[in-house]
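For reference, final-v1.tsv is printed below; it contains TSV, C-alpha atoms.
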```
chain	number	residue	atom	x	y	z
B	1	PHE	CA	27.18	-8.77	-25.09
B	2	GLY	CA	26.10	-12.43	-24.90
B	3	GLU	CA	28.10	-13.52	-27.99
B	4	ARG	CA	29.79	-16.91	-28.07
B	5	VAL	CA	33.56	-16.97	-27.57
B	6	ILE	CA	35.43	-19.94	-29.11
B	7	GLY	CA	32.19	-21.89	-29.43
B	8	ASP	CA	29.64	-22.87	-26.84
B	9	PHE	CA	30.55	-24.44	-23.51
B	10	SER	CA	30.26	-28.18	-23.14
B	11	SER	CA	28.08	-29.59	-20.38
B	12	VAL	CA	31.18	-30.53	-18.35
B	13	GLU	CA	32.67	-27.05	-18.67
B	14	TRP	CA	29.38	-25.33	-17.84
B	15	CYS	CA	28.75	-27.53	-14.78
B	16	ALA	CA	32.28	-26.88	-13.52
B	17	LEU	CA	31.85	-23.13	-13.96
B	18	ILE	CA	28.49	-22.80	-12.21
B	19	ARG	CA	29.59	-25.05	-9.34
B	20	ALA	CA	32.82	-23.14	-8.83
B	21	PHE	CA	31.34	-19.65	-9.14
B	22	PRO	CA	29.47	-19.39	-5.79
B	23	ILE	CA	32.24	-21.17	-3.87
B	24	VAL	CA	35.03	-18.98	-5.20
B	25	SER	CA	33.02	-15.76	-5.00
B	26	ARG	CA	32.33	-16.39	-1.30
B	27	ALA	CA	36.02	-17.05	-0.70
B	28	LEU	CA	36.94	-13.72	-2.30
B	29	THR	CA	34.83	-11.67	0.11
B	30	THR	CA	36.68	-10.24	3.07
B	31	GLY	CA	34.03	-10.70	5.70
B	32	MET	CA	31.67	-8.26	3.94
B	33	ALA	CA	28.80	-10.41	2.69
B	34	LEU	CA	27.13	-7.46	0.93
B	35	LEU	CA	30.30	-6.35	-0.90
B	36	PRO	CA	29.95	-7.29	-4.59
B	37	VAL	CA	32.77	-9.08	-6.38
B	38	ALA	CA	33.43	-8.50	-10.08
B	39	THR	CA	32.63	-11.46	-12.34
B	40	LYS	CA	36.00	-11.08	-14.02
B	41	ASP	CA	37.83	-11.44	-10.70
B	42	VAL	CA	35.85	-14.58	-9.84
B	43	CYS	CA	36.54	-16.14	-13.24
B	44	ALA	CA	40.25	-15.37	-12.90
B	45	ALA	CA	40.30	-17.01	-9.46
B	46	ILE	CA	38.51	-20.10	-10.81
B	47	LYS	CA	41.19	-20.52	-13.47
B	48	GLU	CA	43.82	-20.69	-10.72
B	49	LYS	CA	42.04	-23.36	-8.67
B	50	ASP	CA	43.48	-26.83	-9.18
B	51	GLU	CA	40.12	-28.57	-8.84
B	52	TYR	CA	38.53	-26.49	-11.65
B	53	LYS	CA	41.27	-25.44	-14.07
B	54	HIS	CA	41.49	-28.97	-15.49
B	55	PHE	CA	37.94	-28.62	-16.85
B	56	LEU	CA	38.29	-24.97	-17.94
B	57	ASN	CA	41.85	-24.86	-19.22
B	58	ARG	CA	40.67	-24.27	-22.82
B	59	ARG	CA	38.56	-21.26	-21.79
B	60	SER	CA	39.80	-17.73	-21.30
B	61	VAL	CA	38.60	-15.44	-18.49
B	62	GLU	CA	36.81	-13.27	-21.06
B	63	SER	CA	34.89	-16.23	-22.51
B	64	MET	CA	33.84	-17.37	-19.02
B	65	GLU	CA	32.68	-13.86	-18.17
B	66	ALA	CA	30.71	-13.61	-21.43
B	67	LYS	CA	29.10	-17.01	-20.82
B	68	MET	CA	27.95	-16.00	-17.32
B	69	SER	CA	26.56	-12.71	-18.66
B	70	TYR	CA	24.71	-14.44	-21.48
B	71	GLU	CA	23.18	-17.12	-19.26
B	72	GLY	CA	22.20	-14.53	-16.64
B	73	LYS	CA	20.44	-12.40	-19.24
B	74	ARG	CA	18.68	-15.44	-20.69
B	75	MET	CA	17.41	-16.59	-17.28
B	76	GLU	CA	16.24	-13.07	-16.46
B	77	GLU	CA	14.20	-12.86	-19.68
B	78	GLU	CA	12.69	-16.30	-19.08
B	79	ALA	CA	11.75	-15.33	-15.52
B	80	LYS	CA	10.09	-12.12	-16.75
B	81	GLN	CA	8.12	-14.04	-19.37
B	82	LYS	CA	6.91	-16.65	-16.89
B	83	ALA	CA	6.01	-13.97	-14.35
B	84	GLU	CA	4.02	-12.07	-16.98
B	85	GLU	CA	2.11	-15.20	-17.94
B	86	TYR	CA	1.38	-16.00	-14.29
B	87	TRP	CA	0.17	-12.53	-13.25
B	88	LYS	CA	-1.86	-12.09	-16.43
B	89	ALA	CA	-3.68	-15.39	-15.87
B	90	ALA	CA	-4.27	-14.57	-12.18
B	91	TRP	CA	-5.68	-11.12	-13.04
B	92	GLU	CA	-7.96	-12.48	-15.77
B	93	GLY	CA	-9.31	-15.13	-13.40
B	94	GLU	CA	-9.90	-12.48	-10.76
B	95	MET	CA	-11.82	-10.29	-13.22
B	96	LYS	CA	-13.97	-13.21	-14.40
B	97	ARG	CA	-15.12	-13.80	-10.83
B	98	ASP	CA	-16.01	-10.10	-10.57
B	99	ALA	CA	-17.11	-9.41	-14.13
B	100	ASP	CA	-19.76	-6.79	-13.28
B	101	ASN	CA	-17.25	-4.47	-11.58
B	102	GLU	CA	-16.83	-1.28	-13.62
B	103	ASN	CA	-13.40	-0.71	-12.04
B	104	ASN	CA	-11.91	-3.56	-14.09
B	105	SER	CA	-11.28	-1.04	-16.87
B	106	LEU	CA	-9.08	1.16	-14.65
B	107	PHE	CA	-5.88	-0.69	-15.53
B	108	LYS	CA	-6.23	-0.81	-19.31
B	109	ASN	CA	-3.77	2.08	-19.49
B	110	TYR	CA	-1.17	-0.04	-17.69
B	111	THR	CA	1.55	-1.49	-19.91
B	112	GLU	CA	0.79	-5.01	-18.68
B	113	HIS	CA	-3.00	-4.52	-18.39
B	114	TYR	CA	-2.95	-6.32	-15.04
B	115	LEU	CA	-1.92	-5.85	-11.41
B	116	THR	CA	0.85	-7.78	-9.70
B	117	ASP	CA	1.14	-8.14	-5.94
B	118	ALA	CA	3.95	-5.58	-5.88
B	119	GLN	CA	1.90	-3.02	-7.85
B	120	ARG	CA	-1.10	-3.66	-5.63
B	121	SER	CA	1.03	-3.13	-2.53
B	122	ARG	CA	2.37	0.18	-3.86
B	123	LEU	CA	-1.13	1.45	-4.59
B	124	ARG	CA	-2.37	0.44	-1.13
B	125	SER	CA	0.46	2.34	0.57
B	126	LYS	CA	-0.08	5.54	-1.41
B	127	ALA	CA	-1.47	8.65	0.24
B	128	ARG	CA	-5.20	9.13	-0.14
B	129	PRO	CA	-5.96	11.30	-3.19
B	130	THR	CA	-8.01	14.47	-2.97
B	131	THR	CA	-10.89	12.81	-4.80
B	132	GLY	CA	-11.62	9.15	-5.33
B	133	CYS	CA	-9.81	6.06	-4.08
B	134	LYS	CA	-6.20	4.90	-4.11
B	135	CYS	CA	-7.07	2.43	-6.87
B	136	GLY	CA	-7.85	5.36	-9.21
B	137	SER	CA	-11.62	5.03	-9.19
B	138	LYS	CA	-13.80	8.10	-8.73
B	139	THR	CA	-16.89	6.09	-7.76
B	140	HIS	CA	-15.71	5.42	-4.20
B	141	THR	CA	-13.23	6.77	-1.65
B	142	PHE	CA	-12.16	3.99	0.74
B	143	LEU	CA	-10.46	0.60	0.30
B	144	SER	CA	-13.27	-1.08	2.19
B	145	ASP	CA	-15.71	-0.32	-0.62
B	146	PRO	CA	-17.04	-3.54	-2.24
B	147	LYS	CA	-16.05	-2.26	-5.70
B	148	CYS	CA	-12.41	-1.52	-4.80
B	149	VAL	CA	-10.00	-3.94	-6.52
B	150	LEU	CA	-6.92	-3.46	-4.34
B	151	PHE	CA	-8.00	-6.13	-1.83
B	152	ARG	CA	-10.25	-8.05	-4.21
B	153	ASP	CA	-7.89	-11.04	-4.40
B	154	VAL	CA	-7.94	-11.40	-0.61
B	155	LYS	CA	-11.73	-11.05	-0.48
B	156	GLN	CA	-12.14	-13.74	-3.13
B	157	PHE	CA	-9.81	-16.03	-1.18
B	158	CYS	CA	-11.87	-15.48	1.97
B	159	ALA	CA	-15.09	-16.21	0.08
B	160	GLN	CA	-13.69	-19.46	-1.31
B	161	ASN	CA	-12.53	-20.59	2.13
B	162	SER	CA	-15.65	-19.46	4.06
B	163	ILE	CA	-13.77	-16.80	6.01
B	164	THR	CA	-15.89	-13.99	7.38
B	165	VAL	CA	-14.69	-10.64	6.08
B	166	GLU	CA	-17.31	-8.06	6.92
B	167	ASP	CA	-18.22	-7.33	10.50
B	168	GLU	CA	-21.65	-6.34	11.65
B	169	LYS	CA	-22.55	-2.85	10.52
B	170	LYS	CA	-22.06	-0.40	13.31
B	171	LYS	CA	-24.79	2.09	13.98
B	172	LYS	CA	-23.96	5.51	12.67
B	173	GLY	CA	-24.21	8.48	14.96
B	174	LYS	CA	-27.31	10.60	14.58
B	175	LYS	CA	-26.73	13.72	12.54
B	176	ILE	CA	-27.26	17.05	14.17
B	177	SER	CA	-30.13	18.82	12.50
B	178	THR	CA	-29.63	22.27	10.98
B	179	LYS	CA	-33.32	23.05	11.06
B	180	GLY	CA	-34.05	26.46	12.50
B	181	LYS	CA	-30.37	27.40	12.64
B	182	GLY	CA	-28.75	30.47	11.16
B	183	LYS	CA	-26.58	30.22	8.03
B	184	LEU	CA	-23.28	30.40	9.91
B	185	GLU	CA	-24.33	27.95	12.59
B	186	ALA	CA	-25.83	25.58	10.00
B	187	ALA	CA	-22.54	25.62	8.07
B	188	TYR	CA	-20.60	24.69	11.23
B	189	ILE	CA	-23.04	21.85	11.94
B	190	ARG	CA	-22.77	20.46	8.39
B	191	ARG	CA	-19.00	20.60	8.61
B	192	PHE	CA	-19.07	18.80	11.96
B	193	ASN	CA	-21.35	16.06	10.58
B	194	GLN	CA	-19.07	15.60	7.57
B	195	LEU	CA	-15.93	15.31	9.71
B	196	ARG	CA	-17.61	12.78	11.97
B	197	GLU	CA	-18.65	10.65	8.98
B	198	GLU	CA	-15.13	10.79	7.50
B	199	THR	CA	-13.56	9.82	10.82
B	200	ALA	CA	-15.90	6.85	11.18
B	201	ALA	CA	-15.24	5.75	7.58
B	202	THR	CA	-11.46	6.05	8.06
B	203	LYS	CA	-11.63	3.93	11.20
B	204	GLU	CA	-13.74	1.34	9.40
B	205	GLU	CA	-11.22	1.26	6.53
B	206	ALA	CA	-8.28	0.77	8.95
B	207	GLU	CA	-10.04	-2.19	10.60
B	208	PHE	CA	-10.82	-3.64	7.15
B	209	VAL	CA	-7.20	-3.29	5.96
B	210	LEU	CA	-5.89	-4.93	9.14
B	211	LYS	CA	-8.18	-7.92	8.68
B	212	MET	CA	-7.28	-8.22	4.98
B	213	GLU	CA	-3.54	-8.13	5.70
B	214	GLN	CA	-3.94	-10.81	8.37
B	215	ASN	CA	-5.77	-13.07	5.91
B	216	GLN	CA	-3.15	-12.34	3.27
B	217	CYS	CA	-0.25	-13.23	5.60
B	218	PHE	CA	-1.63	-16.21	7.49
B	219	GLY	CA	-4.21	-17.50	5.01
B	220	MET	CA	-2.75	-16.86	1.57
B	221	LYS	CA	0.88	-17.03	2.83
B	222	LYS	CA	1.74	-13.82	0.95
B	223	ALA	CA	3.84	-10.94	2.20
B	224	VAL	CA	2.15	-7.58	2.68
B	225	PHE	CA	5.17	-5.84	1.17
B	226	ALA	CA	8.39	-6.87	-0.49
B	227	PRO	CA	11.29	-5.21	1.33
B	228	SER	CA	14.29	-4.15	-0.76
B	229	SER	CA	16.74	-4.00	2.15
B	230	LEU	CA	18.47	-7.21	3.22
B	231	CYS	CA	18.33	-6.11	6.85
B	232	THR	CA	14.55	-5.70	6.57
B	233	VAL	CA	14.25	-9.16	5.03
B	234	VAL	CA	16.24	-10.75	7.87
B	235	LEU	CA	14.31	-8.93	10.59
B	236	SER	CA	11.00	-9.83	8.94
B	237	ALA	CA	12.02	-13.48	8.77
B	238	VAL	CA	13.02	-13.49	12.44
B	239	ALA	CA	9.73	-11.86	13.43
B	240	ALA	CA	7.80	-14.41	11.38
B	241	VAL	CA	9.29	-17.41	13.19
B	242	MET	CA	9.21	-15.97	16.70
B	243	ASP	CA	5.75	-17.36	17.36
B	244	ARG	CA	6.98	-20.86	16.44
B	245	ILE	CA	9.68	-20.90	19.13
B	246	PRO	CA	8.43	-22.51	22.37
B	247	LYS	CA	8.01	-19.96	25.11
B	248	ASP	CA	10.03	-22.04	27.55
B	249	ARG	CA	13.04	-21.61	25.27
B	250	LEU	CA	12.78	-17.83	25.33
B	251	LEU	CA	14.57	-16.13	28.20
B	252	ASP	CA	12.53	-13.86	30.37
B	253	PRO	CA	13.77	-10.23	30.43
B	254	ALA	CA	14.16	-10.50	34.21
B	255	GLU	CA	16.43	-13.53	33.79
B	256	LEU	CA	18.52	-11.65	31.25
B	257	GLU	CA	18.93	-8.81	33.73
B	258	VAL	CA	20.05	-11.22	36.45
B	259	GLU	CA	22.57	-12.83	34.08
B	260	ASP	CA	23.96	-9.41	33.18
B	261	LYS	CA	24.40	-8.56	36.86
B	262	MET	CA	26.17	-11.86	37.53
B	263	THR	CA	28.52	-11.19	34.60
B	264	ILE	CA	29.36	-7.76	35.96
B	265	GLU	CA	30.02	-9.12	39.45
B	266	LEU	CA	32.28	-11.91	38.17
B	267	LYS	CA	34.31	-9.51	36.00
B	268	PRO	CA	37.47	-8.41	37.87
B	269	ASN	CA	37.89	-4.78	38.73
B	270	VAL	CA	40.47	-3.34	36.35
B	271	ASP	CA	41.65	-0.68	38.81
B	272	GLU	CA	42.16	-3.17	41.65
B	273	SER	CA	44.00	-5.65	39.45
B	274	LYS	CA	46.44	-2.95	38.37
B	275	LYS	CA	47.36	-2.07	41.97
B	276	PRO	CA	50.80	-3.44	43.00
B	277	PRO	CA	50.78	-6.07	45.78
B	278	ALA	CA	51.25	-4.74	49.30
B	279	SER	CA	54.84	-5.08	50.54
B	280	ASP	CA	56.05	-6.15	53.98
B	281	GLU	CA	57.41	-2.66	54.66
B	282	ASP	CA	53.93	-1.21	54.34
B	283	ASP	CA	52.66	-3.68	56.90
B	284	SER	CA	55.44	-2.78	59.32
B	285	ASP	CA	54.66	0.92	58.95
B	286	ASP	CA	51.05	0.29	59.78
B	287	GLU	CA	52.06	-1.45	62.96
```
I'd like the structure from this file rewritten - as structure tokens, please.
Amino acid sequence: FGERVIGDFSSVEWCALIRAFPIVSRALTTGMALLPVATKDVCAAIKEKDEYKHFLNRRSVESMEAKMSYEGKRMEEEAKQKAEEYWKAAWEGEMKRDADNENNSLFKNYTEHYLTDAQRSRLRSKARPTTGCKCGSKTHTFLSDPKCVLFRDVKQFCAQNSITVEDEKKKKGKKISTKGKGKLEAAYIRRFNQLREETAATKEEAEFVLKMEQNQCFGMKKAVFAPSSLCTVVLSAVAAVMDRIPKDRLLDPAELEVEDKMTIELKPNVDESKKPPASDEDDSDDE
């Protein structure tokens, strides 16, 4: 895998191959854009094209396939290395600005010793654990805690750009006293107070997450999640640009309904069109 076949490609040969590859591969698809085409089939088709075979006539299909595999592997390794350097530097800078946070040591067991945006997104979307927070800390429970690191990058961005993050503290409901109550009744009251506090904290966390995601999308220009499905990517892109389309160019649903009705009325009735034309004999019978 990745070995040279009959020497390395010249710059002319390599340029001809990479220019021909996307054009020929698209031509080989039969209307199915998501249907993969084998590299060997594309290379064989390139060899048969008059505009490319002059530059690649000394190369076999196997050597072209090996060259594409080698270059693809090399680019993938370079991309991984650059991504590792980028995320490592971003995480170290983030920790320096929050050096007194004891939760910085939570990710030393990670292979990379840092968090990427994709890893952060997966942790945020996890179910709440029985004890502790989604980030793995046992010192707090909710993402809105100042020591939680899952939205720390967004909070630091907001601080640098003078964006208000925290709302005014809402007054907590007064706890029901258990003084003078029996053991069973006191237990019910304590349970009620605990549930009310958890509900209020969960609501506060949901409002915090919504505000953080808005700042991440519109301020930092970062996606909240990275969809793996192409359909999801397309729909997300369409939704993102909808607010940029002038409203006067968007059809009102009522107008669409009127257009549909007009189309139905203009369409000829199939049953009536199939009826044979009335003959003169029928008219005479009616008389």
Open item on the list: Would you compute the distance between atom CA of Arg58 of chain B and atom CA of Phe9 of chain B? Give it in Å to one decimal.
Closed with: 10.1 Å
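Shortest atom-to-atom contact with Gly93 of chain B among B:Arg152, B:Asp41, B:Val61, B:Ile18: B:Arg152, counting only C-alpha atoms.
Atom pair atom CA of Gly136 of chain B / atom CA of Leu106 of chain B: separated by 7.0 Å.
If all atoms listed in the file are the atoms counted, then among B:Phe157, B:Val238, B:Tyr52, B:Lys203 the closest residue to Phe218 of chain B is B:Phe157.
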Task: Expected residue set, 12 Å radius at (-11.0, -8.0, 13.4), all atoms listed in the file, as a ChimeraX atom specification - done: /B:163-168,204-215
Neighbourhood query: residues within 12 Å of (33.6, -15.2, -17.6), file coordinates, counting only C-alpha atoms; return as a PDB file with C-alpha atoms, in the frame of the given file.
```pdb
ATOM      1  CA  PHE B   1      27.180  -8.770 -25.090  1.00  0.00           C
ATOM      2  CA  GLY B   2      26.100 -12.430 -24.900  1.00  0.00           C
ATOM      3  CA  GLU B   3      28.100 -13.520 -27.990  1.00  0.00           C
ATOM      4  CA  ARG B   4      29.790 -16.910 -28.070  1.00  0.00           C
ATOM      5  CA  VAL B   5      33.560 -16.970 -27.570  1.00  0.00           C
ATOM      6  CA  PHE B   9      30.550 -24.440 -23.510  1.00  0.00           C
ATOM      7  CA  GLU B  13      32.670 -27.050 -18.670  1.00  0.00           C
ATOM      8  CA  TRP B  14      29.380 -25.330 -17.840  1.00  0.00           C
ATOM      9  CA  LEU B  17      31.850 -23.130 -13.960  1.00  0.00           C
ATOM     10  CA  ILE B  18      28.490 -22.800 -12.210  1.00  0.00           C
ATOM     11  CA  ALA B  20      32.820 -23.140  -8.830  1.00  0.00           C
ATOM     12  CA  PHE B  21      31.340 -19.650  -9.140  1.00  0.00           C
ATOM     13  CA  ALA B  38      33.430  -8.500 -10.080  1.00  0.00           C
ATOM     14  CA  THR B  39      32.630 -11.460 -12.340  1.00  0.00           C
ATOM     15  CA  LYS B  40      36.000 -11.080 -14.020  1.00  0.00           C
ATOM     16  CA  ASP B  41      37.830 -11.440 -10.700  1.00  0.00           C
ATOM     17  CA  VAL B  42      35.850 -14.580  -9.840  1.00  0.00           C
ATOM     18  CA  CYS B  43      36.540 -16.140 -13.240  1.00  0.00           C
ATOM     19  CA  ALA B  44      40.250 -15.370 -12.900  1.00  0.00           C
ATOM     20  CA  ALA B  45      40.300 -17.010  -9.460  1.00  0.00           C
ATOM     21  CA  ILE B  46      38.510 -20.100 -10.810  1.00  0.00           C
ATOM     22  CA  LYS B  47      41.190 -20.520 -13.470  1.00  0.00           C
ATOM     23  CA  LEU B  56      38.290 -24.970 -17.940  1.00  0.00           C
ATOM     24  CA  ARG B  59      38.560 -21.260 -21.790  1.00  0.00           C
ATOM     25  CA  SER B  60      39.800 -17.730 -21.300  1.00  0.00           C
ATOM     26  CA  VAL B  61      38.600 -15.440 -18.490  1.00  0.00           C
ATOM     27  CA  GLU B  62      36.810 -13.270 -21.060  1.00  0.00           C
ATOM     28  CA  SER B  63      34.890 -16.230 -22.510  1.00  0.00           C
ATOM     29  CA  MET B  64      33.840 -17.370 -19.020  1.00  0.00           C
ATOM     30  CA  GLU B  65      32.680 -13.860 -18.170  1.00  0.00           C
ATOM     31  CA  ALA B  66      30.710 -13.610 -21.430  1.00  0.00           C
ATOM     32  CA  LYS B  67      29.100 -17.010 -20.820  1.00  0.00           C
ATOM     33  CA  MET B  68      27.950 -16.000 -17.320  1.00  0.00           C
ATOM     34  CA  SER B  69      26.560 -12.710 -18.660  1.00  0.00           C
ATOM     35  CA  TYR B  70      24.710 -14.440 -21.480  1.00  0.00           C
ATOM     36  CA  GLU B  71      23.180 -17.120 -19.260  1.00  0.00           C
ATOM     37  CA  GLY B  72      22.200 -14.530 -16.640  1.00  0.00           C
TER      38      GLY B  72
END
```
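In this structure, atom CA of Arg19 of chain B sits 24.5 Å away from atom CA of Lys80 of chain B.
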TODO: Within 10 Å of Ser137 of chain B, counting only C-alpha atoms, which residues show up once you throw out same-chain ones fewer than 6 positions away? Write them as a PyMOL selection string, please.
DONE: chain B and resi 102-106+131+147-149
- [ ] Would you please work out which residue, of B:Pro146, B:Leu235, B:Ser177, B:Lys88, is nearest to Arg190 of chain B when using all atoms listed in the file?
- [x]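 Closest residue, counting all atoms listed in the file: B:Ser177.
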